[in-house]
Amino acid sequence: MTIPTATARMAMLTAMTTDPHLILHQLFSPAFPVGAFAWSHGLETAIQDGHVSGGESAEDWLRTALEFGAGWSDAVLCAQAATGGDLDELEALAAALSPSSERRAETLEQGAAFARAVHGVWGAEIPETAYPVAVGATFKALGLPVRDGLRLYLQSFAANLTSAAVRLVPLGQTEGQRITLALMPLCAELADKAMAAELDDIGGFAPMLDIQSQRHETLYSRVFRS
Amino acid sequence: MTAKRRDGRSVIGDLAMSGSSKLLFPRVASSALEAVYLNSSGGVTGGDAFDLTAEALPGASLRMTTQAGERIYRAAPGAPGRVDTKLSAGDGAQLIWLPQETILFDGAALDRRLTFDLAPDARLLASEVLLFGREAMGETVQSLFLRDRIDLRIGGELVFADRLRLDGDASEVLSRFNVANGALAMASVLCAAPEVAARLDALRDALPETAGATALSDDLIFLRLLAPNGFALRRSLIPLLKDLAGSDLPRPWML
């Protein structure tokens with residue numbers, strides 16, 4: 001038996017899987033090896049400080065992160081990378097936008113792991129760069145539907161952080177799922193807006209989240225890397 | 001304008017001014033050149049455009065501040081005031097950019113861009129403070145258009161970017177627990193210098209609970225600070241800036 005080359009394997013897999021929505025689900029499944037479980041985006045600080053202490057406050061924190069924090073800016077970066085934006089410029093900007101060293105590591109390490117996994121499975125050359133840019137470049141390389149991809153990107157961002165809250169607050173599993181459901185309309189709205197946005201529309205206002213991620217570096221005991 | 005080094009002191013190199021933008025050069029005891037920016041029109045409103053370009057040439061030391069807080073007045077819809085500031089520092093130069101507070105009035109519309117271009121061994125200390133409304137007069141900012149961008153390049157490479165964007169009822173957004181928890185004053189501070197990260201622990205010890213600092217590389221510290229009002233913010237910020245500057249601050253920043 002011969003071992004297929006990456007190109008041959010890609011052709012084979014593409015022939016086997018034609019439904020782009022199934023590929024999107026694979027990319028954003030918790031089993032896809034980006035190591036999302038290791039990062040809390042500063043939420044761990046908010047929980048230790050008592051800012052987030054239950055389902056309602058966890059949901060509010062996530063709304064802020066999506067609407068006023070990295071959620072929106074990542075969606076725009078991802079959409080730009082998926083629709084032919086200048087990858088060098090997007091990579092530099094995406095890394096530079098992080099308000100703390102841990103948030104920078106969070107986006108760069110997840111992006112690099114994502115790019116390696118996509119390369120290993122589909123053979124596509126994806127830059128090992130900030131997560132939203134690596135994801136956007138993958139949408140383009142694999143011809144995936146961008147609007148649906150952005151919705152899933154935002155939902156997985158929220159769901160990963162919800163599961164961090166489930167572990168740390170702690171919350172019940174069902175409460176975690178209720179939060180994920182409650183955030184769906186916001187994820188969809190932000191994805192739609194990001195499709196029409198320009199690079200200069202990036203930005204937000206979430207100083208508490210910036211400060212929480214900066215203070216995470218000095219927490220006495222930590223479960224998460226950000 | 002440019003600052004150049006001559007006989008161990010920093011002096012004015014080139015200088016050109018137009019419109020209501022003025023630069024004053026008070027006599028100071030230090031060997032740095034101190035430049036005070038003055039907007040003689042008294043503030044920024046819709047449709048205004050202000051440009052400032054300054055450079056500390058190799059080896060020079062330039063300290064810049066403003067004569068007063070910049071007032072961003074109510075603007076007619078659709079025409080934000082535009083402020084574009086480009087600052088650079090050459091080999092071995094030092095740049096200190098400590099403008100006084102930017103005061104956003106109800107109805108303000110501001111589109112601002114601040115860029116720093118540093119040579120790899122240049123030093124920078126920069127602070128920007130936003131005040132949302134004139135708290136002393138009980139004013140809240142119920143309508144705002146804010147685009148406030150900071151880019152920092154070292155050796156031509158983008159190493160930090162801040163993109164503040166806040167529209168609509170700012171006082172409602174600021175009051176949210178996880179946005180600003182009611183703080184009406186915010187400072188953002190950048191300090192770039194070789195091995196500056198070694199000073200992070202000492203800096204953190206001096207921070208109030210509503211502030212955070214991080215080393216984005218060995219040579220770059222970024223700090224965000226929230227406070228209930230402008231006075232409380234100055235009380236926290238001034239000792240931090242003084243420590244980072246390693247010298248007295250320009251006069252408006254002395255308490």
# chains A, B, ... in the order shown; residues from 1 in each chain; ligands from 1

call {"tool": "residues_around", "arguments": {"residues": "stretch 57-66 of chain B", "least_positions_apart": "6", "cutoff": "8 Å", "atoms": "only C-alpha atoms", "output": "JSON, numbers by chain"}}
result
{"B": [2, 3, 4, 5, 9, 10, 31, 32, 33, 34, 35, 36, 37, 38, 89, 90, 91, 92, 93, 94, 95, 96, 97, 98, 99, 100, 250, 252]}

call {"tool": "residues_around", "arguments": {"residues": "B:Glu101", "least_positions_apart": "2", "cutoff": "9 Å", "atoms": "only C-alpha atoms", "output": "CSV table (one decimal) with all heavy atoms, in the first residue's frame"}}
result
chain,number,residue,atom,x,y,z
B,66,THR,N,0.1,69.6,26.3
B,66,THR,CA,-0.8,70.6,25.8
B,66,THR,C,-1.1,71.7,26.8
B,66,THR,O,-1.0,71.4,28.0
B,66,THR,CB,-2.1,70.0,25.4
B,66,THR,OG1,-2.6,69.2,26.5
B,66,THR,CG2,-1.9,69.0,24.2
B,68,ALA,N,-3.9,73.0,27.6
B,68,ALA,CA,-5.2,72.8,28.3
B,68,ALA,C,-5.7,71.5,27.9
B,68,ALA,O,-5.3,70.9,26.9
B,68,ALA,CB,-6.1,73.9,28.0
B,69,GLY,N,-6.7,71.0,28.6
B,69,GLY,CA,-7.5,69.8,28.2
B,69,GLY,C,-8.1,70.2,26.8
B,69,GLY,O,-8.6,71.3,26.6
B,70,GLU,N,-8.2,69.2,25.9
B,70,GLU,CA,-8.8,69.4,24.6
B,70,GLU,C,-10.3,69.2,24.7
B,70,GLU,O,-10.7,68.0,25.0
B,70,GLU,CB,-8.2,68.5,23.6
B,70,GLU,CG,-8.6,68.8,22.1
B,70,GLU,CD,-8.0,70.1,21.6
B,70,GLU,OE1,-8.3,71.2,22.0
B,70,GLU,OE2,-7.1,70.0,20.7
B,71,ARG,N,-11.1,70.2,24.5
B,71,ARG,CA,-12.6,70.0,24.6
B,71,ARG,C,-13.1,69.6,23.2
B,71,ARG,O,-12.9,70.3,22.2
B,71,ARG,CB,-13.2,71.3,25.0
B,71,ARG,CG,-12.9,71.7,26.5
B,71,ARG,CD,-13.2,73.1,26.8
B,71,ARG,NE,-13.2,73.3,28.2
B,71,ARG,CZ,-12.1,73.3,29.0
B,71,ARG,NH1,-10.9,73.2,28.4
B,71,ARG,NH2,-12.1,73.5,30.3
B,99,PRO,N,-0.2,64.8,26.6
B,99,PRO,CA,-1.2,65.8,26.4
B,99,PRO,C,-2.1,65.8,27.6
B,99,PRO,O,-2.3,64.7,28.3
B,99,PRO,CB,-1.9,65.4,25.2
B,99,PRO,CG,-1.7,63.9,25.1
B,99,PRO,CD,-0.4,63.6,25.6
B,103,ILE,N,-11.6,66.0,26.7
B,103,ILE,CA,-12.9,66.0,27.4
B,103,ILE,C,-14.0,65.9,26.3
B,103,ILE,O,-14.1,66.8,25.5
B,103,ILE,CB,-13.0,67.3,28.2
B,103,ILE,CG1,-11.8,67.5,29.1
B,103,ILE,CG2,-14.3,67.3,29.0
B,103,ILE,CD1,-11.5,68.9,29.5
B,128,GLU,N,-2.6,58.9,27.0
B,128,GLU,CA,-3.8,59.6,26.5
B,128,GLU,C,-4.9,59.4,27.5
B,128,GLU,O,-5.1,58.3,28.0
B,128,GLU,CB,-4.2,59.0,25.2
B,128,GLU,CG,-3.4,59.5,24.0
B,128,GLU,CD,-3.7,60.9,23.5
B,128,GLU,OE1,-4.7,61.4,24.0
B,128,GLU,OE2,-2.9,61.5,22.7
B,129,VAL,N,-5.5,60.5,27.9
B,129,VAL,CA,-6.6,60.4,28.9
B,129,VAL,C,-7.9,60.9,28.2
B,129,VAL,O,-8.0,61.9,27.6
B,129,VAL,CB,-6.3,61.2,30.1
B,129,VAL,CG1,-7.5,61.2,31.1
B,129,VAL,CG2,-5.0,60.8,30.8
B,130,LEU,N,-9.0,60.0,28.4
B,130,LEU,CA,-10.3,60.4,27.9
B,130,LEU,C,-11.2,60.7,29.1
B,130,LEU,O,-11.2,59.9,30.0
B,130,LEU,CB,-10.9,59.3,27.1
B,130,LEU,CG,-10.3,59.0,25.7
B,130,LEU,CD1,-10.9,57.8,25.1
B,130,LEU,CD2,-10.4,60.2,24.8
B,131,LEU,N,-11.9,61.8,29.1
B,131,LEU,CA,-12.9,62.1,30.1
B,131,LEU,C,-14.2,62.1,29.5
B,131,LEU,O,-14.4,62.9,28.5
B,131,LEU,CB,-12.6,63.4,30.8
B,131,LEU,CG,-11.3,63.6,31.6
B,131,LEU,CD1,-11.2,65.0,32.2
B,131,LEU,CD2,-11.0,62.5,32.6
B,187,ALA,N,-7.2,56.2,31.2
B,187,ALA,CA,-5.9,56.5,30.7
B,187,ALA,C,-5.3,55.3,30.0
B,187,ALA,O,-5.5,54.2,30.4
B,187,ALA,CB,-5.0,57.0,31.8
B,230,GLY,N,-11.9,62.6,36.6
B,230,GLY,CA,-10.6,63.1,36.1
B,230,GLY,C,-9.7,63.4,37.3
B,230,GLY,O,-8.4,63.1,37.2

call {"tool": "select_by_dssp", "arguments": {"residues": "stretch 1-217 of chain A", "states": "alpha helix (DSSP H)", "output": "number ranges by chain"}}
result
A: 6-16, 20-27, 43-48, 55-67, 70-82, 87-96, 101-122, 131-142, 146-168, 173-196, 207-216

call {"tool": "closest_atom_pairs", "arguments": {"of": "chain A", "to": "chain B", "cutoff": "10 Å", "atoms": "only C-alpha atoms", "output": "CSV"}}
result
residue,atom,partner,partner_atom,distance
A:Ala46,CA,B:Asn178,CA,8.8
A:His51,CA,B:Asn178,CA,7.9
A:Val52,CA,B:Asn178,CA,9.1
A:Ser57,CA,B:Asn178,CA,8.8
A:Ala58,CA,B:Asn178,CA,9.9
A:Asp60,CA,B:Asn178,CA,7.3
A:Trp61,CA,B:Asn178,CA,5.8
A:Leu62,CA,B:Asn178,CA,9.1
A:Arg63,CA,B:Asn178,CA,9.1
A:Thr64,CA,B:Asn178,CA,6.5
A:Ala65,CA,B:Asn178,CA,8.7
A:Phe68,CA,B:Val179,CA,7.9
A:Gly69,CA,B:Val179,CA,9.1
A:Ser73,CA,B:Arg163,CA,9.3
A:Glu89,CA,B:Leu158,CA,9.3
A:Ala92,CA,B:Leu158,CA,6.3
A:Leu93,CA,B:Ala161,CA,6.8
A:Ala94,CA,B:Ala161,CA,8.7
A:Ala95,CA,B:Val159,CA,7.9
A:Ala96,CA,B:Phe160,CA,4.2
A:Leu97,CA,B:Ala161,CA,4.9
A:Ser98,CA,B:Phe160,CA,7.8
A:Pro99,CA,B:Phe222,CA,7.5
A:Ser100,CA,B:Thr214,CA,5.4
A:Ser101,CA,B:Leu216,CA,4.9
A:Glu102,CA,B:Leu216,CA,8.7
A:Arg103,CA,B:Leu216,CA,9.7
A:Arg104,CA,B:Leu216,CA,8.0
A:Ala105,CA,B:Leu216,CA,9.9
A:Asp200,CA,B:Arg163,CA,8.9
A:Asp201,CA,B:Arg165,CA,8.3
A:Ile202,CA,B:Arg163,CA,6.8
A:Gly203,CA,B:Arg163,CA,4.5
A:Gly204,CA,B:Arg165,CA,4.6
A:Phe205,CA,B:Leu164,CA,5.5
A:Ala206,CA,B:Val179,CA,4.8
A:Pro207,CA,B:Val179,CA,6.1
A:Met208,CA,B:Val179,CA,5.4
A:Leu209,CA,B:Asn178,CA,6.9
A:Asp210,CA,B:Arg224,CA,7.4
A:Ile211,CA,B:Gly212,CA,4.6
A:Gln212,CA,B:Gly212,CA,7.2
A:Ser213,CA,B:Gly212,CA,8.0
A:Gln214,CA,B:Gly212,CA,5.1
A:Arg215,CA,B:Gly212,CA,5.5
A:His216,CA,B:Gly212,CA,9.1
A:Glu217,CA,B:Thr214,CA,8.0
A:Thr218,CA,B:Arg204,CA,9.1

call {"tool": "residues_around", "arguments": {"residues": "stretch 134-143 of chain B", "least_positions_apart": "2", "cutoff": "8 Å", "atoms": "only C-alpha atoms", "output": "list in words"}}
result
Ile103, Leu104, Phe105, Asp106, Gly107, Ala108, Leu131, Phe132, Phe145, Asp167, Gly168, Asp169, Ala170, Ser171, Glu172 and Asn229 of chain B

call {"tool": "residues_around", "arguments": {"residues": "A:Ala197", "least_positions_apart": "3", "cutoff": "10 Å", "atoms": "only C-alpha atoms", "output": "list of chain:residue names"}}
result
A:Ala75, A:Val76, A:Leu77, A:Ala79, A:Gln80, A:Ala191, A:Asp192, A:Lys193, A:Ala194, A:Asp200, A:Asp201, A:Ile202

call {"tool": "residues_around", "arguments": {"residues": "stretch 123-140 of chain A", "least_positions_apart": "2", "cutoff": "6 Å", "atoms": "only C-alpha atoms", "output": "PDB file with N, CA and C atoms, in the first residue's frame"}}
result
ATOM      1  N   ALA A   6       0.319  14.669   0.611  1.00  0.00           N
ATOM      2  CA  ALA A   6      -0.640  15.641   1.145  1.00  0.00           C
ATOM      3  C   ALA A   6      -1.616  16.091   0.064  1.00  0.00           C
ATOM      4  N   MET A  10      -5.510  15.480   0.036  1.00  0.00           N
ATOM      5  CA  MET A  10      -6.462  16.587  -0.007  1.00  0.00           C
ATOM      6  C   MET A  10      -7.526  16.327  -1.070  1.00  0.00           C
ATOM      7  N   ASP A  74     -12.292  40.589  15.939  1.00  0.00           N
ATOM      8  CA  ASP A  74     -11.876  39.328  15.333  1.00  0.00           C
ATOM      9  C   ASP A  74     -12.750  38.977  14.137  1.00  0.00           C
ATOM     10  N   CYS A  78     -11.300  38.395  10.496  1.00  0.00           N
ATOM     11  CA  CYS A  78     -11.563  37.108   9.858  1.00  0.00           C
ATOM     12  C   CYS A  78     -12.243  37.313   8.503  1.00  0.00           C
ATOM     13  N   ALA A  81      -9.738  38.637   6.013  1.00  0.00           N
ATOM     14  CA  ALA A  81      -8.804  37.607   5.557  1.00  0.00           C
ATOM     15  C   ALA A  81      -9.488  36.627   4.610  1.00  0.00           C
ATOM     16  N   ALA A  82     -10.786  36.395   4.837  1.00  0.00           N
ATOM     17  CA  ALA A  82     -11.526  35.434   4.012  1.00  0.00           C
ATOM     18  C   ALA A  82     -11.886  36.001   2.647  1.00  0.00           C
ATOM     19  N   ALA A  95      -2.208  40.877  15.699  1.00  0.00           N
ATOM     20  CA  ALA A  95      -1.323  40.635  16.845  1.00  0.00           C
ATOM     21  C   ALA A  95      -1.168  41.904  17.670  1.00  0.00           C
ATOM     22  N   THR A 107      -4.189  34.452  21.094  1.00  0.00           N
ATOM     23  CA  THR A 107      -4.582  34.489  19.684  1.00  0.00           C
ATOM     24  C   THR A 107      -3.495  33.891  18.783  1.00  0.00           C
ATOM     25  N   LEU A 108      -2.222  34.134  19.102  1.00  0.00           N
ATOM     26  CA  LEU A 108      -1.146  33.633  18.235  1.00  0.00           C
ATOM     27  C   LEU A 108      -1.002  32.113  18.333  1.00  0.00           C
ATOM     28  N   GLN A 110      -3.291  29.843  19.364  1.00  0.00           N
ATOM     29  CA  GLN A 110      -4.454  29.151  18.782  1.00  0.00           C
ATOM     30  C   GLN A 110      -4.421  29.232  17.261  1.00  0.00           C
ATOM     31  N   GLY A 111      -4.026  30.400  16.748  1.00  0.00           N
ATOM     32  CA  GLY A 111      -3.955  30.569  15.289  1.00  0.00           C
ATOM     33  C   GLY A 111      -2.933  29.632  14.671  1.00  0.00           C
ATOM     34  N   ALA A 112      -1.769  29.500  15.323  1.00  0.00           N
ATOM     35  CA  ALA A 112      -0.722  28.633  14.788  1.00  0.00           C
ATOM     36  C   ALA A 112      -1.168  27.168  14.823  1.00  0.00           C
ATOM     37  N   ALA A 115      -3.711  26.621  12.077  1.00  0.00           N
ATOM     38  CA  ALA A 115      -3.096  26.570  10.737  1.00  0.00           C
ATOM     39  C   ALA A 115      -2.397  25.228  10.510  1.00  0.00           C
ATOM     40  N   HIS A 119      -3.447  22.467   7.721  1.00  0.00           N
ATOM     41  CA  HIS A 119      -2.439  21.990   6.773  1.00  0.00           C
ATOM     42  C   HIS A 119      -2.340  20.463   6.830  1.00  0.00           C
ATOM     43  N   GLY A 120      -2.330  19.921   8.051  1.00  0.00           N
ATOM     44  CA  GLY A 120      -2.197  18.477   8.207  1.00  0.00           C
ATOM     45  C   GLY A 120      -3.361  17.709   7.612  1.00  0.00           C
ATOM     46  N   VAL A 121      -4.558  18.285   7.698  1.00  0.00           N
ATOM     47  CA  VAL A 121      -5.751  17.563   7.247  1.00  0.00           C
ATOM     48  C   VAL A 121      -6.058  17.833   5.780  1.00  0.00           C
ATOM     49  N   LEU A 142     -10.278  26.921   1.547  1.00  0.00           N
ATOM     50  CA  LEU A 142     -11.145  25.747   1.389  1.00  0.00           C
ATOM     51  C   LEU A 142     -12.488  26.103   0.753  1.00  0.00           C
ATOM     52  N   GLY A 143     -12.653  27.380   0.384  1.00  0.00           N
ATOM     53  CA  GLY A 143     -13.895  27.796  -0.270  1.00  0.00           C
ATOM     54  C   GLY A 143     -15.123  27.638   0.606  1.00  0.00           C
ATOM     55  N   LEU A 144     -14.992  27.989   1.885  1.00  0.00           N
ATOM     56  CA  LEU A 144     -16.108  27.805   2.821  1.00  0.00           C
ATOM     57  C   LEU A 144     -16.973  29.066   2.877  1.00  0.00           C
TER      58      LEU A 144
END

call {"tool": "closest_residue", "arguments": {"among": "A:Ala141, A:Ala36, A:Ala196, A:Val146", "to": "A:Ser163", "atoms": "only C-alpha atoms"}}
result
A:Ala36

call {"tool": "atom_distance", "arguments": {"atom1": "atom CA of B:Leu125", "atom2": "atom CA of B:Leu240"}}
result
11.0 Å

call {"tool": "closest_residue", "arguments": {"among": "B:Gly47, B:Gly42, B:Pro120, B:Pro228", "to": "B:Ser88", "atoms": "only C-alpha atoms"}}
result
B:Pro120

call {"tool": "atom_distance", "arguments": {"atom1": "atom CA of B:Leu190", "atom2": "atom CA of A:Phe157"}}
result
28.5 Å

call {"tool": "atom_distance", "arguments": {"atom1": "atom CA of A:Phe28", "atom2": "atom CA of A:Gly55"}}
result
23.4 Å
